[in-house]
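Peer 1: Have a peek at model.cif (mmCIF, C-alpha atoms).
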```
data_input
#
loop_
_atom_site.label_atom_id
_atom_site.label_comp_id
_atom_site.auth_asym_id
_atom_site.auth_seq_id
_atom_site.Cartn_x
_atom_site.Cartn_y
_atom_site.Cartn_z
CA MET A 4 0.00 0.00 0.00
CA ARG A 5 1.34 3.44 -0.93
CA LEU A 6 1.86 6.00 1.80
CA ARG A 7 -0.38 9.03 1.87
CA PRO A 8 1.77 12.15 1.21
CA PHE A 9 3.01 14.05 4.25
CA GLU A 10 5.60 16.68 5.09
CA LEU A 11 8.82 15.17 6.50
CA ILE A 12 10.65 17.37 8.99
CA GLU A 13 14.16 16.45 10.16
CA PRO A 14 15.18 18.72 13.05
CA GLU A 15 18.74 18.73 14.37
CA THR A 16 17.97 19.86 17.92
CA VAL A 17 15.38 18.97 20.54
CA ALA A 18 14.14 22.56 20.53
CA GLU A 19 13.48 22.40 16.78
CA ALA A 20 11.65 19.10 17.21
CA VAL A 21 9.43 20.50 19.97
CA GLU A 22 8.63 23.57 17.87
CA ALA A 23 7.63 21.44 14.88
CA PHE A 24 5.68 18.98 17.00
CA SER A 25 3.78 21.77 18.74
CA ARG A 26 2.46 23.37 15.57
CA ALA A 27 -1.33 23.58 15.64
CA ASP A 28 -1.97 23.35 11.89
CA GLY A 29 -2.80 19.69 11.41
CA GLU A 30 -1.71 16.43 12.97
CA SER A 31 1.97 15.68 13.58
CA ARG A 32 3.62 12.39 14.42
CA LEU A 33 7.11 11.63 15.69
CA VAL A 34 9.13 8.83 14.13
CA ALA A 35 12.00 7.19 15.99
CA GLY A 36 12.68 3.60 14.95
CA GLY A 37 9.46 3.49 12.93
CA THR A 38 8.65 -0.11 13.84
CA ALA A 39 5.17 0.88 15.05
CA LEU A 40 4.45 4.07 13.10
CA VAL A 41 5.42 2.98 9.59
CA PRO A 42 3.07 -0.05 9.46
CA MET A 43 0.20 2.13 10.67
CA LEU A 44 0.97 4.70 7.97
CA ARG A 45 1.09 1.99 5.33
CA MET A 46 -2.27 0.60 6.41
CA GLY A 47 -3.83 4.06 6.46
CA LEU A 48 -4.60 3.89 10.17
CA LEU A 49 -2.79 7.19 10.65
CA ARG A 50 -2.78 10.08 8.18
CA PRO A 51 -0.68 12.89 9.65
CA GLU A 52 0.03 16.12 7.82
CA ARG A 53 3.65 15.97 8.96
CA VAL A 54 6.09 13.39 10.30
CA ILE A 55 8.96 14.61 12.45
CA SER A 56 12.04 12.39 12.36
CA LEU A 57 14.30 12.40 15.42
CA HIS A 58 17.21 10.66 13.67
CA HIS A 59 19.36 13.79 13.23
CA ILE A 60 19.30 14.85 16.90
CA ALA A 61 22.68 13.53 18.02
CA GLU A 62 22.15 13.91 21.77
CA LEU A 63 19.18 11.53 21.70
CA GLY A 64 21.31 8.72 20.30
CA ARG A 65 23.81 8.48 23.15
CA PHE A 66 23.91 6.68 26.46
CA ALA A 67 26.30 7.13 29.37
CA VAL A 68 27.03 5.89 32.87
CA SER A 69 27.50 8.72 35.35
CA GLY A 70 27.37 8.90 39.13
CA GLY A 71 26.38 5.25 39.33
CA GLY A 72 23.30 5.78 37.13
CA LEU A 73 22.54 5.07 33.49
CA HIS A 74 21.34 7.76 31.10
CA VAL A 75 19.87 6.39 27.86
CA GLY A 76 18.92 8.77 25.06
CA ALA A 77 15.51 8.22 23.56
CA MET A 78 16.95 7.26 20.15
CA VAL A 79 19.30 4.57 21.46
CA THR A 80 18.29 1.31 19.81
CA VAL A 81 17.15 -1.73 21.71
CA ALA A 82 19.96 -3.71 20.05
CA ALA A 83 22.59 -1.29 21.37
CA ILE A 84 21.16 -1.64 24.88
CA GLY A 85 21.19 -5.43 24.70
CA ARG A 86 24.82 -5.70 23.63
CA SER A 87 26.42 -2.84 25.59
CA PRO A 88 29.12 -4.14 27.97
CA GLU A 89 28.36 -1.33 30.44
CA ILE A 90 24.64 -2.13 30.52
CA LEU A 91 25.23 -5.88 30.60
CA SER A 92 27.49 -5.39 33.61
CA GLY A 93 25.60 -2.76 35.58
CA TRP A 94 21.99 -3.27 34.46
CA PRO A 95 21.72 -6.89 33.28
CA LEU A 96 17.94 -6.88 33.75
CA LEU A 97 17.52 -4.13 31.16
CA ALA A 98 19.94 -5.83 28.77
CA ALA A 99 18.09 -9.14 29.14
CA ALA A 100 14.70 -7.57 28.42
CA ALA A 101 16.09 -5.68 25.43
CA GLY A 102 17.49 -8.93 24.05
CA HIS A 103 13.98 -10.44 24.04
CA VAL A 104 12.40 -7.75 21.86
CA ALA A 105 11.06 -9.21 18.60
CA SER A 106 13.78 -10.11 16.06
CA PRO A 107 17.36 -8.88 15.48
CA ALA A 108 16.14 -6.72 12.61
CA ILE A 109 13.49 -5.06 14.75
CA ARG A 110 15.90 -4.57 17.66
CA SER A 111 18.32 -2.80 15.34
CA SER A 112 15.65 -0.23 14.42
CA ALA A 113 13.47 0.03 17.53
CA THR A 114 14.43 2.71 20.05
CA LEU A 115 13.91 2.79 23.80
CA GLY A 116 12.09 6.12 23.66
CA GLY A 117 9.85 4.90 20.86
CA ASN A 118 9.07 1.69 22.73
CA LEU A 119 7.97 3.57 25.85
CA GLY A 120 6.23 6.38 23.99
CA TYR A 121 4.09 3.90 22.05
CA ALA A 122 2.99 2.47 25.44
CA GLU A 123 2.71 -1.05 24.11
CA PRO A 124 1.17 -3.15 26.95
CA ALA A 125 3.28 -6.13 25.84
CA SER A 126 6.57 -4.22 25.90
CA ASP A 127 9.61 -6.22 27.00
CA PRO A 128 11.73 -3.32 28.35
CA ALA A 129 8.91 -1.69 30.36
CA PRO A 130 8.58 -4.34 33.12
CA ALA A 131 12.35 -4.38 33.56
CA LEU A 132 12.53 -0.59 33.78
CA LEU A 133 9.70 -0.58 36.31
CA CYS A 134 11.71 -2.97 38.48
CA LEU A 135 14.74 -0.71 38.11
CA GLU A 136 12.61 2.31 39.08
CA ALA A 137 13.58 4.32 36.02
CA ASP A 138 12.59 7.91 35.29
CA VAL A 139 11.57 9.38 31.93
CA ASP A 140 12.85 12.80 30.86
CA VAL A 141 10.60 14.78 28.52
CA VAL A 142 10.70 18.21 26.90
CA GLY A 143 7.76 20.21 25.58
CA PRO A 144 6.49 23.72 25.00
CA ALA A 145 6.34 24.30 28.77
CA GLY A 146 9.93 23.15 29.31
CA ALA A 147 11.63 20.03 30.63
CA ARG A 148 10.37 17.68 33.30
CA SER A 149 11.00 14.19 34.62
CA LEU A 150 8.55 11.62 35.91
CA PRO A 151 8.85 8.07 37.25
CA LEU A 152 8.07 5.39 34.70
CA SER A 153 5.43 4.11 37.14
CA GLN A 154 3.53 7.37 36.48
CA PHE A 155 4.31 7.58 32.78
CA PHE A 156 1.87 4.95 31.53
CA ALA A 157 -1.69 6.25 31.67
CA GLY A 158 -3.64 3.38 30.12
CA PHE A 159 -3.99 1.24 27.02
CA TYR A 160 -1.52 2.78 24.54
CA GLU A 161 -1.68 6.02 26.53
CA THR A 162 1.02 7.97 28.34
CA ALA A 163 1.21 11.00 30.60
CA LEU A 164 2.90 13.05 27.86
CA ALA A 165 1.32 16.47 27.46
CA PRO A 166 0.60 17.84 23.96
CA GLY A 167 3.85 18.65 22.18
CA GLU A 168 6.09 16.78 24.63
CA ILE A 169 8.90 14.52 23.42
CA ILE A 170 10.76 11.82 25.36
CA THR A 171 14.45 12.75 25.48
CA ALA A 172 15.96 10.13 27.79
CA VAL A 173 15.42 7.35 30.30
CA ARG A 174 17.41 7.51 33.53
CA VAL A 175 18.03 4.28 35.43
CA PRO A 176 19.53 4.33 38.94
CA ALA A 177 21.98 1.72 40.08
CA ALA A 178 20.37 -1.51 41.24
CA PRO A 179 20.57 -2.28 44.98
CA ALA A 180 23.78 -3.98 46.05
CA GLY A 181 23.54 -7.74 45.70
CA ALA A 182 20.44 -7.59 43.50
CA ARG A 183 19.54 -10.72 41.56
CA THR A 184 17.52 -10.01 38.45
CA GLY A 185 15.89 -11.82 35.56
CA TYR A 186 13.38 -11.45 32.76
CA VAL A 187 11.26 -14.22 31.26
CA LYS A 188 8.91 -13.98 28.32
CA PHE A 189 6.28 -16.55 27.40
CA CYS A 190 5.19 -16.71 23.77
CA PRO A 191 2.87 -19.57 22.77
CA ARG A 192 3.72 -19.08 19.10
CA SER A 193 7.09 -17.62 18.03
CA ALA A 194 9.87 -16.42 20.34
CA GLU A 195 9.92 -13.24 18.22
CA ASP A 196 6.26 -12.53 18.95
CA LYS A 197 4.97 -10.14 21.58
CA PRO A 198 4.82 -11.86 24.96
CA LEU A 199 1.59 -13.36 26.17
CA VAL A 200 3.17 -12.75 29.59
CA GLY A 201 6.39 -10.93 30.42
CA VAL A 202 7.86 -11.05 33.93
CA ALA A 203 10.80 -9.07 35.29
CA ALA A 204 11.98 -9.48 38.87
CA LEU A 205 14.60 -8.11 41.23
CA LEU A 206 15.40 -9.70 44.57
CA VAL A 207 17.90 -8.76 47.26
CA MET A 208 18.45 -11.67 49.61
CA ASP A 209 19.92 -11.96 53.08
CA ASP A 210 22.08 -14.91 52.16
CA GLY A 211 22.68 -15.97 55.73
CA ALA A 212 19.01 -16.11 56.73
CA GLY A 213 17.42 -16.81 53.37
CA ARG A 214 15.15 -13.81 53.83
CA CYS A 215 14.23 -11.33 51.13
CA ARG A 216 15.28 -7.74 51.87
CA GLU A 217 13.92 -6.20 48.66
CA ALA A 218 11.54 -7.46 46.00
CA ARG A 219 10.33 -5.89 42.77
CA ILE A 220 8.18 -7.58 40.13
CA GLY A 221 7.22 -6.05 36.80
CA LEU A 222 4.57 -7.56 34.55
CA GLY A 223 3.88 -6.97 30.87
CA ALA A 224 1.00 -7.93 28.55
CA VAL A 225 -1.42 -8.60 31.41
CA ALA A 226 -2.91 -5.14 32.01
CA PRO A 227 -3.61 -1.99 29.99
CA SER A 228 0.06 -1.11 30.54
CA ALA A 229 3.10 -2.66 32.22
CA ILE A 230 2.64 -2.77 36.01
CA ARG A 231 4.43 -3.48 39.28
CA ALA A 232 2.95 -6.34 41.29
CA SER A 233 3.01 -4.45 44.58
CA ARG A 234 1.03 -6.96 46.65
CA ALA A 235 3.25 -9.80 45.54
CA GLU A 236 6.32 -7.73 46.42
CA ALA A 237 4.95 -7.07 49.92
CA ILE A 238 4.54 -10.81 50.51
CA LEU A 239 8.21 -11.39 49.69
CA ARG A 240 9.81 -8.54 51.65
CA GLY A 241 11.07 -9.72 55.00
CA ALA A 242 9.97 -13.30 54.39
CA VAL A 243 11.96 -16.49 54.05
CA VAL A 244 11.69 -17.21 50.35
CA ASP A 245 10.56 -20.83 50.33
CA ALA A 246 8.14 -22.65 48.05
CA ALA A 247 5.07 -21.52 50.00
CA THR A 248 6.11 -17.85 49.97
CA ILE A 249 6.89 -17.97 46.26
CA GLN A 250 3.52 -19.56 45.50
CA ALA A 251 1.72 -16.93 47.57
CA ALA A 252 3.55 -14.16 45.72
CA ALA A 253 2.76 -15.75 42.35
CA ASP A 254 -0.93 -16.01 43.27
CA ALA A 255 -0.97 -12.38 44.40
CA ALA A 256 0.72 -11.25 41.19
CA ALA A 257 -1.90 -13.03 39.10
CA GLU A 258 -4.71 -11.36 41.05
CA GLU A 259 -3.19 -7.93 40.44
CA THR A 260 -3.46 -8.28 36.67
CA ASP A 261 -6.23 -7.10 34.38
CA PRO A 262 -5.61 -9.03 31.16
CA ILE A 263 -7.65 -9.16 27.98
CA SER A 264 -8.75 -12.17 25.97
CA ASP A 265 -7.51 -12.34 22.38
CA LEU A 266 -6.29 -14.83 19.80
CA MET A 267 -3.17 -15.56 21.86
CA GLY A 268 -5.10 -16.61 24.95
CA SER A 269 -7.96 -15.90 27.31
CA ALA A 270 -7.72 -13.58 30.28
CA GLU A 271 -7.84 -16.52 32.69
CA TYR A 272 -5.08 -18.31 30.77
CA ARG A 273 -2.91 -15.21 31.04
CA ARG A 274 -3.50 -15.08 34.80
CA GLN A 275 -2.51 -18.71 35.11
CA MET A 276 0.65 -18.07 33.09
CA VAL A 277 1.50 -15.19 35.42
CA ARG A 278 1.36 -17.66 38.31
CA VAL A 279 3.58 -20.12 36.45
CA TRP A 280 6.24 -17.68 35.26
CA VAL A 281 6.40 -15.57 38.42
CA ARG A 282 6.85 -18.76 40.42
CA ARG A 283 9.58 -20.06 38.12
CA LEU A 284 11.50 -16.79 37.99
CA LEU A 285 11.34 -16.16 41.73
CA GLY A 286 12.43 -19.72 42.40
CA SER A 287 15.47 -19.30 40.17
CA LEU A 288 16.45 -15.97 41.72
CA ALA A 289 16.02 -17.14 45.31
CA ASP A 290 18.60 -19.87 44.76
CA ARG A 291 21.89 -18.33 43.61
CA GLU A 292 23.19 -21.53 42.05
CA THR A 293 19.90 -22.09 40.22
CA THR A 294 20.08 -18.50 39.05
CA ARG A 295 23.51 -19.04 37.55
CA ARG A 296 22.44 -22.18 35.75
CA THR A 297 19.13 -20.77 34.51
CA LEU A 298 20.05 -17.20 33.58
CA GLY A 299 23.68 -17.73 32.67
CA ARG A 300 25.02 -15.25 35.21
#
```
Would you put the structure from the file into structure tokens?
Peer 2:
Amino acid sequence: MRLRPFELIEPETVAEAVEAFSRADGESRLVAGGTALVPMLRMGLLRPERVISLHHIAELGRFAVSGGGLHVGAMVTVAAIGRSPEILSGWPLLAAAAGHVASPAIRSSATLGGNLGYAEPASDPAPALLCLEADVDVVGPAGARSLPLSQFFAGFYETALAPGEIITAVRVPAAPAGARTGYVKFCPRSAEDKPLVGVAALLVMDDGAGRCREARIGLGAVAPSAIRASRAEAILRGAVVDAATIQAAADAAAEETDPISDLMGSAEYRRQMVRVWVRRLLGSLADRETTRRTLGR
């Protein structure tokens, strides 16, 4: 299908992009990696008057480690995140989730800012970033601001971005000392498909007592947007992480979801898969030797 004609704008600074995006004369769309936007343009689902490419804004394509935290520009590709030695070493949970996104070809085009801005409920990076308590930096006509990722998603394919605002970066603090992390993705069809269930988890264990000092669980594809399973986390904190505790946390996580039924599976099936995959991941993280064998770390 041929694309409907539109004006292509290629700004070289964030300020120029905000100015173009804020124009009131007709609909504008941003394009980053294009993995979501281009198919919708081809199918005629979107017909913007102008498309604003962010590819020439150099600062958005960089990432850096500073002060113990990670700063990832919005145009950094998912592939670059998954293979970066610095991210693999300091933020292995984010690297693992990035490595599960679709196919190598898609990962080479898809950007972190585009992934979050699209607010795909079945995003792979989002549950991991929720566990890492990341912040999103945005710039718009009213200036710059930052908000926690937990407040960024506003619903099904909706974000808290105000009109004219653009994601510029994602900031990820250092994980707690001794954190054990992992991401698992269940796809009933192809491993390159969107997850039917995605689970990210972070545990900090008191190795001597076998108690959990910190627990974070992020879930994807089982609610209008990626979520933290707060009730499941509360069950784990301060508890001895045995089979009964893990099962209770998995049950709580499943009850916190609000999945849909579609061709991939019913809502109840998704809840059951949350129980299965939360239980498996927590079990592997609670046992350090199992973690090494299962996750390769």
Peer 1: For Phe189 in chain A, work out the shell of residues within 7 Å, counting only C-alpha atoms and skipping chain neighbours fewer than 4 positions away, then give it as a PyMOL selection string.
Peer 2: chain A and resi 198-201
Peer 1: Residues of range 157-190 of chain A that have any atom at most 6 Å from an atom of range 89-105 of chain A: could you tabulate them with the shortest-distance atom pair and the distance in Å to one decimal, using all atoms listed in the file, ordered by chain and increasing number, as a tab-separated table?
Peer 2:
```
residue	atom	partner	partner_atom	distance
A:Thr184	CA	A:Leu96	CA	5.7
A:Gly185	CA	A:Leu96	CA	5.6
A:Tyr186	CA	A:Ala100	CA	6.0
```
Peer 1: Exactly which residues make up the result of the PyMOL selection byres ((chain A and resi 269-277) around 9) on this file, given as a PyMOL selection string?
Peer 2: chain A and resi 189+199-202+222+224-225+253-254+256-258+260-268+278-282
Peer 1: May I have the residues within 12 Å of Ala23 in chain A as a PDB file with C-alpha atoms, keeping the file's coordinate frame, using all atoms listed in the file and disregarding those fewer than 5 positions away in the same chain?
Peer 2:
```pdb
ATOM      1  CA  GLU A  10       5.600  16.680   5.090  1.00  0.00           C
ATOM      2  CA  LEU A  11       8.820  15.170   6.500  1.00  0.00           C
ATOM      3  CA  ILE A  12      10.650  17.370   8.990  1.00  0.00           C
ATOM      4  CA  GLU A  13      14.160  16.450  10.160  1.00  0.00           C
ATOM      5  CA  PRO A  14      15.180  18.720  13.050  1.00  0.00           C
ATOM      6  CA  GLU A  15      18.740  18.730  14.370  1.00  0.00           C
ATOM      7  CA  THR A  16      17.970  19.860  17.920  1.00  0.00           C
ATOM      8  CA  VAL A  17      15.380  18.970  20.540  1.00  0.00           C
ATOM      9  CA  ALA A  18      14.140  22.560  20.530  1.00  0.00           C
ATOM     10  CA  ASP A  28      -1.970  23.350  11.890  1.00  0.00           C
ATOM     11  CA  GLY A  29      -2.800  19.690  11.410  1.00  0.00           C
ATOM     12  CA  GLU A  30      -1.710  16.430  12.970  1.00  0.00           C
ATOM     13  CA  SER A  31       1.970  15.680  13.580  1.00  0.00           C
ATOM     14  CA  ARG A  32       3.620  12.390  14.420  1.00  0.00           C
ATOM     15  CA  LEU A  33       7.110  11.630  15.690  1.00  0.00           C
ATOM     16  CA  GLU A  52       0.030  16.120   7.820  1.00  0.00           C
ATOM     17  CA  ARG A  53       3.650  15.970   8.960  1.00  0.00           C
ATOM     18  CA  VAL A  54       6.090  13.390  10.300  1.00  0.00           C
ATOM     19  CA  ILE A  55       8.960  14.610  12.450  1.00  0.00           C
ATOM     20  CA  SER A  56      12.040  12.390  12.360  1.00  0.00           C
ATOM     21  CA  LEU A  57      14.300  12.400  15.420  1.00  0.00           C
ATOM     22  CA  GLY A 143       7.760  20.210  25.580  1.00  0.00           C
ATOM     23  CA  PRO A 144       6.490  23.720  25.000  1.00  0.00           C
ATOM     24  CA  GLY A 167       3.850  18.650  22.180  1.00  0.00           C
ATOM     25  CA  GLU A 168       6.090  16.780  24.630  1.00  0.00           C
ATOM     26  CA  ILE A 169       8.900  14.520  23.420  1.00  0.00           C
TER      27      ILE A 169
END
```
Peer 1: Separation of CA of Arg216 in chain A and CA of Ser228 in chain A, in Å?
Peer 2: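 A separation of 27.0 Å between them.
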Peer 1: Using all atoms listed in the file and a cutoff of 8 Å, can you tell me which residues are near (13.5, 1.2, 19.5) in the file's coordinates, and write them out as number ranges by chain?
Peer 2: A: 35-36, 38, 78-81, 109-118
Peer 1: Rounded to one decimal place, report the CA of Leu73 in chain A-CA of Pro151 in chain A distance in Å.
Peer 2: 14.5 Å
Peer 1: Which distance in Å separates CA of Ala108 in chain A and CA of Gly37 in chain A, to one decimal?
Peer 2: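 Distance between the two atoms: 12.2 Å.
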